Amino acid sequence: MDAVLLFSFPKRPCSGDLLHAADTTILPNSDTVDRSLVYLLALPDPSVSIDLSLERILDLAALEMEKDKLIDCAMRAASAIQEAAMRSARRLASIHNAASWPLPSDLTVKVFSILDTRSLCHAAAVCSMFSKCAGDPFCYSNIDLTAKDPKISNTVVSTIIQRAGRNLQSLKLGIWPSPAINEDSILCASYSSRSSMELSGLSWSERRPSQRKQPCILTRSCLLALSADGAVAGTLLRSLHLYNIDKMDGSAFSVALSVCPSLLNLEVVGLRFELRQVLDSVSATCHSMESLFVESSETGSDDSLKTSTCVDLVNGCPRIMSLTLRGFKLNDHKVRVLIKGLTKLKLVDFSTSYSITGLFLRNLGNGSNAHLLEVLILRDCLHLKEVEISLFLMVLITGDCKLLRYLDISNKDGLSTDDDWNVRCYSPSIPLSRVLEERPMLSVLAQFPADGCSMDTDQINAQEISSNSSLQDENNQLLGPDYVGSSGSSYRSDLASGSEDAYESSYAFYDGDSLDELEYQ
């Protein structure tokens, strides 16, 4: 006997009774609702039966307003039944998953901890069991919310950081304009004295990172969650990566770094505030820093770095092994202070930096940290001189910088001549073949454009042109009167004294080799 026969129903109600029953202020009896729902579910063809029944009920209503109200009630009831059915299906599926899932919850959490952040959020939406496991703080130790499209908001970032709590070790935020370049592919064993773009089939413009078109929706407060609840999330953070966050400013960045004393790896791409603020914050708080990567959003526009800031970084972060500063105005003296002071440096990258002529390469192989430097990248440094590169390669031939295994001196505009950086060398006379013969374990990347593919100096702005005279003055001050370009002995001598940025007169510099004796205490 059908379950419907177990219940008795009253005769067909009139329209007044239906409208009275539709009053939402009156709570129906649960038994009545259960009997009605059982009856509906037992119908052999509910679509036809309910359609005919609704038509008969509407015929009983005398007023159009009553009919409209009955139709609204029917739609609400149908929607409520559908939502209840979906919730029940999810609940049953969750119970089934919990019973059939082969792993215990602790192992499930460990598996989920291997997933990237987006995949973890997708897994959490599968069922309540997965949602519970995916909510474990251990799953959020390495947060990666980078994307090509600006879809992540401050609220999402704050929620996920708070989920991680003290388990947070790595945080990546922002818009990454192009796929990350594999370092192993960069440190290749091939070189070319001319443009090897022909070999790869890529032009210079195609090899350059594509510029992002949409602004990031993250604001300056996107890192505030690191300092919440007593800075629980920031205290043990080891790695922080920020990509093209337009609205991030120096003060908000300094506040975020002030609660991250254990930071070992910092990467900031698309920096829109002064490099000096970044280095000041790092040297003041992150004394265990091992890898520092900063890239400007506008090449050559940031001239904020001072020698005092370089000295503070050397003193505050003596453990730095990898230093990358791309797209800033860095003269040779500042670069020299950083390289000579950071004695554990293994990787140095000053690509696309302005004002670097190569003078800092002098005596680079004789310093206290010469035995540690393994990678030196000077790609697309506008003022890099042919004579300095040639002399440095000659020093490599003699055996200096014994652990250097990768050198990149490629330049899309060619190297600068000794007298005028506007005059470019597209086929520089540098002893590449001899270097590879004497140093077979050294990889040299020297890619230059073909003759005639010179840069358009007429389009260089007034600021860059005016830097020519100041750059020449600086070189004259650093070199001193005894410099002879082709002399090996003079090449090994250190930089002479002079003023830099007016050289910050409060700092003392010394003549000759005494510059190597600067103490960083």
# chains A, B, ... in the order shown; residues from 1 in each chain; ligands from 1
$ residues_around --residues "stretch 165-173 of chain A" --least-positions-apart "5" --cutoff "10 Å" --atoms "only C-alpha atoms" --output "PyMOL selection string"
chain A and resi 137-147+152+157+160+216+218+222-223+225-226+228-229+231-245+262-263+265-268
$ select_by_dssp --residues "stretch 327-423 of chain A" --states "strand (DSSP E or B)" --output "list of chain:residue names"
A:Lys329, A:Leu347, A:Val348, A:Asp349, A:Tyr354, A:Val375, A:Leu376, A:Ile377, A:Lys385, A:Tyr406, A:Leu407, A:Asp408, A:Leu415, A:Ser416
$ write_last_selection --atoms "C-alpha atoms" --output "PDB file, in the first residue's frame"
ATOM      1  CA  LYS A 329      69.829  54.517 -11.528  1.00  0.00           C
ATOM      2  CA  LEU A 347      74.273  36.156  -7.522  1.00  0.00           C
ATOM      3  CA  VAL A 348      74.246  39.795  -8.653  1.00  0.00           C
ATOM      4  CA  ASP A 349      71.787  41.190 -11.214  1.00  0.00           C
ATOM      5  CA  TYR A 354      71.258  53.295 -15.685  1.00  0.00           C
ATOM      6  CA  VAL A 375      76.440  34.742 -11.314  1.00  0.00           C
ATOM      7  CA  LEU A 376      76.860  38.297 -12.646  1.00  0.00           C
ATOM      8  CA  ILE A 377      74.115  39.775 -14.862  1.00  0.00           C
ATOM      9  CA  LYS A 385      81.295  50.493 -21.554  1.00  0.00           C
ATOM     10  CA  TYR A 406      77.607  32.671 -15.536  1.00  0.00           C
ATOM     11  CA  LEU A 407      78.121  36.155 -17.003  1.00  0.00           C
ATOM     12  CA  ASP A 408      75.501  38.088 -18.987  1.00  0.00           C
ATOM     13  CA  LEU A 415      77.820  48.622 -25.536  1.00  0.00           C
ATOM     14  CA  SER A 416      78.861  52.205 -24.925  1.00  0.00           C
TER      15      SER A 416
END
$ closest_residue --among "A:Thr357, A:Ser288, A:Ser131, A:Ser36" --to "A:Gly316" --atoms "only C-alpha atoms"
A:Ser288
$ select_by_dssp --residues "stretch 34-265 of chain A" --states "alpha helix (DSSP H)" --output "MDAnalysis selection string"
chainID A and resid 34:41 46:60 64:100 105:114 117:124 128:134 154:164 183:186 197:200 204:207 228:235 250:258
$ atom_distance --atom1 "atom CA of A:Arg424" --atom2 "atom CA of A:Ala450"
11.5 Å
$ residues_around --residues "A:Pro440" --least-positions-apart "2" --cutoff "12 Å" --atoms "only C-alpha atoms" --output "list in words"
Ala189, Ser190, Leu396, Ile397, Gly399, Lys402, Leu403, Leu404, Arg405, Tyr406, Leu432, Ser433, Arg434, Val435, Leu436, Glu437, Glu438, Leu442, Ser443 and Val444 of chain A
$ write_last_selection --atoms "N, CA and C atoms" --output "CSV table (one decimal), in the first residue's frame"
chain,number,residue,atom,x,y,z
A,189,ALA,N,74.4,27.3,-21.3
A,189,ALA,CA,75.8,27.2,-21.6
A,189,ALA,C,76.2,27.7,-22.9
A,190,SER,N,75.4,28.5,-23.5
A,190,SER,CA,75.7,29.0,-24.9
A,190,SER,C,75.9,30.5,-24.8
A,396,LEU,N,89.4,37.8,-16.1
A,396,LEU,CA,88.9,36.4,-16.0
A,396,LEU,C,89.8,35.4,-16.6
A,397,ILE,N,90.4,35.8,-17.7
A,397,ILE,CA,91.3,34.9,-18.4
A,397,ILE,C,92.5,34.6,-17.5
A,399,GLY,N,92.4,34.2,-14.4
A,399,GLY,CA,92.1,33.3,-13.3
A,399,GLY,C,91.3,33.9,-12.2
A,402,LYS,N,87.2,32.9,-9.6
A,402,LYS,CA,87.4,31.5,-10.0
A,402,LYS,C,86.0,30.8,-10.0
A,403,LEU,N,85.1,31.2,-9.1
A,403,LEU,CA,83.8,30.5,-9.0
A,403,LEU,C,82.7,31.0,-9.9
A,404,LEU,N,83.0,32.1,-10.7
A,404,LEU,CA,82.1,32.7,-11.6
A,404,LEU,C,81.7,31.7,-12.7
A,405,ARG,N,80.4,31.3,-12.8
A,405,ARG,CA,80.0,30.3,-13.7
A,405,ARG,C,79.0,30.9,-14.8
A,406,TYR,N,78.5,32.1,-14.6
A,406,TYR,CA,77.6,32.7,-15.5
A,406,TYR,C,77.8,34.2,-15.6
A,432,LEU,N,85.9,37.1,-26.1
A,432,LEU,CA,85.0,36.0,-25.7
A,432,LEU,C,85.6,34.6,-26.0
A,433,SER,N,86.2,34.4,-27.1
A,433,SER,CA,86.8,33.1,-27.4
A,433,SER,C,87.9,32.7,-26.5
A,434,ARG,N,88.7,33.6,-26.1
A,434,ARG,CA,89.8,33.3,-25.2
A,434,ARG,C,89.3,33.0,-23.8
A,435,VAL,N,88.2,33.7,-23.4
A,435,VAL,CA,87.6,33.4,-22.1
A,435,VAL,C,87.1,32.0,-22.0
A,436,LEU,N,86.4,31.6,-23.1
A,436,LEU,CA,85.8,30.2,-23.1
A,436,LEU,C,86.9,29.2,-23.2
A,437,GLU,N,88.0,29.5,-23.8
A,437,GLU,CA,89.1,28.6,-23.9
A,437,GLU,C,89.8,28.4,-22.5
A,438,GLU,N,90.0,29.5,-21.9
A,438,GLU,CA,90.7,29.4,-20.6
A,438,GLU,C,89.7,29.1,-19.4
A,442,LEU,N,82.8,28.4,-17.6
A,442,LEU,CA,82.1,29.7,-17.5
A,442,LEU,C,81.2,29.9,-18.7
A,443,SER,N,79.9,30.2,-18.4
A,443,SER,CA,78.9,30.5,-19.5
A,443,SER,C,78.8,32.0,-19.7
A,444,VAL,N,79.1,32.5,-20.9
A,444,VAL,CA,79.0,33.9,-21.2
A,444,VAL,C,77.9,34.1,-22.2
$ residues_around --residues "A:Lys132" --least-positions-apart "5" --cutoff "10 Å" --atoms "only C-alpha atoms" --output "PDB file with N, CA, C and O atoms, in the first residue's frame"
ATOM      1  N   SER A 105      41.503  12.085   7.851  1.00  0.00           N
ATOM      2  CA  SER A 105      41.496  13.548   7.717  1.00  0.00           C
ATOM      3  C   SER A 105      42.892  14.148   7.783  1.00  0.00           C
ATOM      4  O   SER A 105      43.190  15.112   7.074  1.00  0.00           O
ATOM      5  N   VAL A 109      44.514  16.456   4.834  1.00  0.00           N
ATOM      6  CA  VAL A 109      45.060  17.803   5.042  1.00  0.00           C
ATOM      7  C   VAL A 109      46.462  17.907   4.460  1.00  0.00           C
ATOM      8  O   VAL A 109      46.820  18.904   3.823  1.00  0.00           O
ATOM      9  N   ALA A 124      37.860  22.854  -1.745  1.00  0.00           N
ATOM     10  CA  ALA A 124      37.004  23.157  -0.592  1.00  0.00           C
ATOM     11  C   ALA A 124      35.540  23.273  -0.987  1.00  0.00           C
ATOM     12  O   ALA A 124      34.653  23.110  -0.141  1.00  0.00           O
ATOM     13  N   CYS A 127      32.696  19.417  -1.213  1.00  0.00           N
ATOM     14  CA  CYS A 127      31.771  18.913  -0.192  1.00  0.00           C
ATOM     15  C   CYS A 127      32.208  19.433   1.166  1.00  0.00           C
ATOM     16  O   CYS A 127      33.286  20.022   1.312  1.00  0.00           O
TER      17      CYS A 127
END
$ decode --residues "stretch 307-324 of chain A" --atoms "N, CA, C and O atoms" --output "JSON list (two decimals), in the first residue's frame"
[["chain", "number", "residue", "atom", "x", "y", "z"],
["A", 307, "THR", "N", 74.32, 56.42, -0.96],
["A", 307, "THR", "CA", 75.39, 55.56, -0.45],
["A", 307, "THR", "C", 75.12, 55.14, 0.99],
["A", 307, "THR", "O", 75.40, 54.00, 1.38],
["A", 308, "SER", "N", 74.57, 56.05, 1.78],
["A", 308, "SER", "CA", 74.26, 55.71, 3.17],
["A", 308, "SER", "C", 73.28, 54.55, 3.26],
["A", 308, "SER", "O", 73.38, 53.69, 4.14],
["A", 309, "THR", "N", 72.31, 54.51, 2.33],
["A", 309, "THR", "CA", 71.35, 53.40, 2.30],
["A", 309, "THR", "C", 72.05, 52.10, 1.96],
["A", 309, "THR", "O", 71.74, 51.05, 2.53],
["A", 310, "CYS", "N", 72.99, 52.15, 1.02],
["A", 310, "CYS", "CA", 73.76, 50.94, 0.66],
["A", 310, "CYS", "C", 74.55, 50.42, 1.86],
["A", 310, "CYS", "O", 74.60, 49.22, 2.11],
["A", 311, "VAL", "N", 75.18, 51.35, 2.58],
["A", 311, "VAL", "CA", 75.96, 50.95, 3.76],
["A", 311, "VAL", "C", 75.05, 50.35, 4.83],
["A", 311, "VAL", "O", 75.40, 49.35, 5.47],
["A", 312, "ASP", "N", 73.88, 50.95, 5.03],
["A", 312, "ASP", "CA", 72.93, 50.40, 6.01],
["A", 312, "ASP", "C", 72.48, 49.00, 5.62],
["A", 312, "ASP", "O", 72.32, 48.13, 6.48],
["A", 313, "LEU", "N", 72.27, 48.77, 4.32],
["A", 313, "LEU", "CA", 71.87, 47.43, 3.88],
["A", 313, "LEU", "C", 72.99, 46.43, 4.13],
["A", 313, "LEU", "O", 72.74, 45.30, 4.57],
["A", 314, "VAL", "N", 74.22, 46.83, 3.88],
["A", 314, "VAL", "CA", 75.37, 45.95, 4.12],
["A", 314, "VAL", "C", 75.48, 45.60, 5.60],
["A", 314, "VAL", "O", 75.71, 44.44, 5.97],
["A", 315, "ASN", "N", 75.29, 46.59, 6.44],
["A", 315, "ASN", "CA", 75.39, 46.35, 7.88],
["A", 315, "ASN", "C", 74.18, 45.60, 8.43],
["A", 315, "ASN", "O", 74.31, 44.78, 9.34],
["A", 316, "GLY", "N", 72.99, 45.92, 7.92],
["A", 316, "GLY", "CA", 71.77, 45.32, 8.46],
["A", 316, "GLY", "C", 71.46, 43.93, 7.94],
["A", 316, "GLY", "O", 70.82, 43.15, 8.64],
["A", 317, "CYS", "N", 71.91, 43.62, 6.73],
["A", 317, "CYS", "CA", 71.60, 42.31, 6.11],
["A", 317, "CYS", "C", 72.85, 41.66, 5.56],
["A", 317, "CYS", "O", 73.01, 41.51, 4.34],
["A", 318, "PRO", "N", 73.76, 41.27, 6.42],
["A", 318, "PRO", "CA", 75.04, 40.72, 5.95],
["A", 318, "PRO", "C", 74.92, 39.33, 5.33],
["A", 318, "PRO", "O", 75.88, 38.84, 4.74],
["A", 319, "ARG", "N", 73.75, 38.68, 5.43],
["A", 319, "ARG", "CA", 73.60, 37.31, 4.93],
["A", 319, "ARG", "C", 73.08, 37.25, 3.49],
["A", 319, "ARG", "O", 72.86, 36.15, 2.97],
["A", 320, "ILE", "N", 72.88, 38.38, 2.86],
["A", 320, "ILE", "CA", 72.33, 38.38, 1.50],
["A", 320, "ILE", "C", 73.27, 37.63, 0.56],
["A", 320, "ILE", "O", 74.45, 37.96, 0.44],
["A", 321, "MET", "N", 72.72, 36.63, -0.13],
["A", 321, "MET", "CA", 73.49, 35.85, -1.10],
["A", 321, "MET", "C", 73.06, 36.14, -2.54],
["A", 321, "MET", "O", 73.80, 35.85, -3.47],
["A", 322, "SER", "N", 71.85, 36.67, -2.72],
["A", 322, "SER", "CA", 71.34, 36.98, -4.05],
["A", 322, "SER", "C", 70.77, 38.38, -4.04],
["A", 322, "SER", "O", 69.86, 38.68, -3.25],
["A", 323, "LEU", "N", 71.30, 39.26, -4.89],
["A", 323, "LEU", "CA", 70.87, 40.66, -4.94],
["A", 323, "LEU", "C", 70.53, 41.03, -6.37],
["A", 323, "LEU", "O", 71.37, 40.96, -7.27],
["A", 324, "THR", "N", 69.26, 41.44, -6.60],
["A", 324, "THR", "CA", 68.80, 41.86, -7.92],
["A", 324, "THR", "C", 68.12, 43.22, -7.79],
["A", 324, "THR", "O", 67.14, 43.36, -7.06]]
